[in-house]
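**Student:** Okay, so here is data17.cif, and as you'll see once you scroll down, it has mmCIF, N, CA and C atoms.
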```cif
data_work
#
loop_
_atom_site.label_atom_id
_atom_site.label_comp_id
_atom_site.auth_asym_id
_atom_site.auth_seq_id
_atom_site.Cartn_x
_atom_site.Cartn_y
_atom_site.Cartn_z
N MET A 1 0.85 -1.18 0.00
CA MET A 1 0.00 0.00 0.00
C MET A 1 0.90 1.24 0.00
N PRO A 2 0.64 2.18 -0.92
CA PRO A 2 1.46 3.39 -0.96
C PRO A 2 1.21 4.27 0.24
N ASN A 3 2.21 5.08 0.59
CA ASN A 3 2.00 6.03 1.68
C ASN A 3 1.14 7.18 1.17
N GLY A 4 0.78 8.08 2.06
CA GLY A 4 -0.16 9.15 1.72
C GLY A 4 0.27 10.03 0.57
N GLU A 5 1.51 10.49 0.59
CA GLU A 5 1.93 11.39 -0.48
C GLU A 5 2.05 10.67 -1.81
N ASP A 6 2.43 9.36 -1.80
CA ASP A 6 2.48 8.59 -3.03
C ASP A 6 1.08 8.39 -3.60
N ALA A 7 0.13 8.11 -2.74
CA ALA A 7 -1.25 7.92 -3.19
C ALA A 7 -1.80 9.22 -3.79
N LEU A 8 -1.48 10.34 -3.18
CA LEU A 8 -1.94 11.63 -3.70
C LEU A 8 -1.30 11.91 -5.05
N ALA A 9 0.00 11.65 -5.18
CA ALA A 9 0.69 11.85 -6.45
C ALA A 9 0.13 10.93 -7.53
N ASP A 10 -0.18 9.69 -7.18
CA ASP A 10 -0.77 8.76 -8.13
C ASP A 10 -2.12 9.26 -8.61
N THR A 11 -2.88 9.86 -7.72
CA THR A 11 -4.19 10.41 -8.10
C THR A 11 -4.02 11.55 -9.10
N VAL A 12 -3.06 12.43 -8.86
CA VAL A 12 -2.79 13.53 -9.78
C VAL A 12 -2.37 12.97 -11.14
N ASP A 13 -1.55 11.93 -11.14
CA ASP A 13 -1.05 11.37 -12.39
C ASP A 13 -2.12 10.67 -13.22
N THR A 14 -3.29 10.39 -12.64
CA THR A 14 -4.36 9.77 -13.41
C THR A 14 -5.10 10.77 -14.29
N LEU A 15 -4.89 12.07 -14.04
CA LEU A 15 -5.55 13.09 -14.87
C LEU A 15 -4.93 13.12 -16.26
N ARG A 16 -5.78 13.29 -17.26
CA ARG A 16 -5.28 13.46 -18.62
C ARG A 16 -4.65 14.84 -18.75
N ALA A 17 -3.64 14.94 -19.58
CA ALA A 17 -2.85 16.16 -19.74
C ALA A 17 -3.69 17.42 -19.94
N PRO A 18 -4.74 17.40 -20.77
CA PRO A 18 -5.50 18.65 -20.97
C PRO A 18 -6.18 19.19 -19.71
N TYR A 19 -6.37 18.34 -18.72
CA TYR A 19 -7.10 18.75 -17.52
C TYR A 19 -6.20 19.18 -16.35
N ILE A 20 -4.94 18.87 -16.43
CA ILE A 20 -4.04 19.13 -15.29
C ILE A 20 -3.92 20.62 -14.97
N ALA A 21 -3.74 21.45 -15.98
CA ALA A 21 -3.51 22.88 -15.75
C ALA A 21 -4.67 23.55 -15.00
N GLY A 22 -5.89 23.15 -15.27
CA GLY A 22 -7.04 23.78 -14.64
C GLY A 22 -7.61 22.99 -13.47
N ALA A 23 -6.90 21.97 -13.05
CA ALA A 23 -7.42 21.08 -12.01
C ALA A 23 -7.38 21.75 -10.64
N SER A 24 -8.35 21.39 -9.82
CA SER A 24 -8.36 21.84 -8.42
C SER A 24 -8.95 20.72 -7.57
N TRP A 25 -8.70 20.80 -6.29
CA TRP A 25 -9.18 19.79 -5.36
C TRP A 25 -10.38 20.31 -4.59
N MET A 26 -11.33 19.44 -4.36
CA MET A 26 -12.44 19.75 -3.46
C MET A 26 -12.45 18.66 -2.41
N MET A 27 -12.44 19.07 -1.14
CA MET A 27 -12.38 18.09 -0.06
C MET A 27 -12.94 18.70 1.22
N THR A 28 -13.21 17.85 2.15
CA THR A 28 -13.67 18.32 3.45
C THR A 28 -12.49 18.94 4.21
N ARG A 29 -12.80 19.69 5.24
CA ARG A 29 -11.73 20.25 6.07
C ARG A 29 -10.92 19.15 6.74
N ALA A 30 -11.60 18.07 7.12
CA ALA A 30 -10.91 16.96 7.78
C ALA A 30 -9.87 16.33 6.84
N MET A 31 -10.24 16.16 5.56
CA MET A 31 -9.30 15.61 4.59
C MET A 31 -8.16 16.58 4.34
N ARG A 32 -8.47 17.86 4.22
CA ARG A 32 -7.41 18.86 4.03
C ARG A 32 -6.44 18.83 5.20
N ASN A 33 -6.96 18.67 6.41
CA ASN A 33 -6.11 18.61 7.58
C ASN A 33 -5.17 17.41 7.52
N LYS A 34 -5.66 16.27 7.06
CA LYS A 34 -4.81 15.08 6.92
C LYS A 34 -3.72 15.31 5.88
N ILE A 35 -4.09 15.92 4.75
CA ILE A 35 -3.11 16.18 3.68
C ILE A 35 -2.08 17.20 4.15
N ARG A 36 -2.50 18.18 4.93
CA ARG A 36 -1.55 19.19 5.45
C ARG A 36 -0.45 18.57 6.29
N LYS A 37 -0.69 17.41 6.86
CA LYS A 37 0.29 16.76 7.73
C LYS A 37 1.24 15.84 6.98
N LEU A 38 0.99 15.59 5.69
CA LEU A 38 1.85 14.70 4.91
C LEU A 38 3.18 15.38 4.62
N GLN A 39 4.25 14.60 4.72
CA GLN A 39 5.59 15.11 4.45
C GLN A 39 6.27 14.23 3.41
N ASP A 40 7.20 14.83 2.66
CA ASP A 40 7.98 14.04 1.71
C ASP A 40 9.12 13.34 2.45
N SER A 41 9.96 12.64 1.72
CA SER A 41 11.04 11.87 2.36
C SER A 41 12.09 12.75 3.02
N ASP A 42 12.11 14.04 2.70
CA ASP A 42 13.05 14.98 3.32
C ASP A 42 12.42 15.73 4.49
N GLY A 43 11.19 15.36 4.85
CA GLY A 43 10.53 15.99 5.99
C GLY A 43 9.82 17.29 5.68
N ARG A 44 9.74 17.65 4.39
CA ARG A 44 9.04 18.88 4.00
C ARG A 44 7.56 18.58 3.81
N PHE A 45 6.71 19.48 4.27
CA PHE A 45 5.28 19.31 4.09
C PHE A 45 4.94 19.48 2.62
N ILE A 46 4.09 18.60 2.08
CA ILE A 46 3.75 18.69 0.66
C ILE A 46 2.67 19.72 0.40
N TYR A 47 1.94 20.11 1.43
CA TYR A 47 0.86 21.10 1.31
C TYR A 47 1.41 22.44 1.76
N GLN A 48 1.26 23.45 0.93
CA GLN A 48 1.73 24.78 1.28
C GLN A 48 0.55 25.76 1.23
N ALA A 49 0.26 26.35 2.36
CA ALA A 49 -0.80 27.36 2.41
C ALA A 49 -0.32 28.63 1.72
N SER A 50 -1.20 29.26 0.97
CA SER A 50 -0.86 30.48 0.27
C SER A 50 -0.76 31.64 1.26
N LEU A 51 0.18 32.52 1.03
CA LEU A 51 0.32 33.72 1.85
C LEU A 51 -0.51 34.87 1.29
N ASP A 52 -1.07 34.67 0.10
CA ASP A 52 -1.88 35.68 -0.57
C ASP A 52 -3.30 35.15 -0.73
N ALA A 53 -4.28 35.86 -0.23
CA ALA A 53 -5.67 35.41 -0.29
C ALA A 53 -6.15 35.22 -1.73
N ALA A 54 -5.51 35.89 -2.68
CA ALA A 54 -5.92 35.78 -4.08
C ALA A 54 -5.36 34.54 -4.77
N LEU A 55 -4.41 33.87 -4.12
CA LEU A 55 -3.79 32.68 -4.71
C LEU A 55 -4.20 31.44 -3.93
N PRO A 56 -4.36 30.32 -4.63
CA PRO A 56 -4.77 29.10 -3.93
C PRO A 56 -3.62 28.45 -3.18
N ASP A 57 -3.96 27.61 -2.21
CA ASP A 57 -2.96 26.78 -1.55
C ASP A 57 -2.45 25.76 -2.57
N THR A 58 -1.27 25.20 -2.34
CA THR A 58 -0.71 24.25 -3.30
C THR A 58 -0.23 22.99 -2.59
N ALA A 59 -0.15 21.93 -3.36
CA ALA A 59 0.44 20.67 -2.88
C ALA A 59 1.52 20.27 -3.87
N PHE A 60 2.59 19.76 -3.35
CA PHE A 60 3.77 19.37 -4.11
C PHE A 60 4.51 20.60 -4.55
#
```
Output the file's structure as structure tokens, nothing else.
**Tutor:**
Amino acid sequence: MPNGEDALADTVDTLRAPYIAGASWMMTRAMRNKIRKLQDSDGRFIYQASLDAALPDTAF
């Protein structure tokens, strides 16, 4: 079973190329909270909250 960040990356990779640029995530706050805690192998969080209200938060 893949770890959390691998599973999330695999989900992103299932999108067809034309849809990736405009893709966005919709999730509950509880799911967002779980994703916010995921870290890569170097200990960096994969979810980055935006410092600008006009820009979305990002993952990876």
**Student:** I need the output of the PyMOL selection byres ((chain A and resi 60) around 8) for this file as JSON, numbers by chain; which residues are they?
**Tutor:** {"A": [45, 46, 47, 48, 57, 58, 59]}
**Student:** For the atom pair atom CA of Lys37 of chain A and atom N of Glu5 of chain A, what is the interatomic distance in Å to one decimal place?
**Tutor:**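 The value is 9.6 Å.
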**Student:** Just how far from atom C of Arg16 of chain A is atom N of Gln39 of chain A, in Å to one decimal?
**Tutor:**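 Answer for the atom N of Gln39 of chain A to atom C of Arg16 of chain A separation: 25.1 Å.
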**Student:** I'd like the interatomic distance between atom CA of Ala9 of chain A and atom CA of Asn33 of chain A, to a tenth of an Å.
**Tutor:** 17.0 Å
**Student:** Give the alpha helix (DSSP H) residues of chain A, as DSSP finds them on the backbone, and put them as a PyMOL selection string.
**Tutor:** chain A and resi 4-13+17-20+29-36
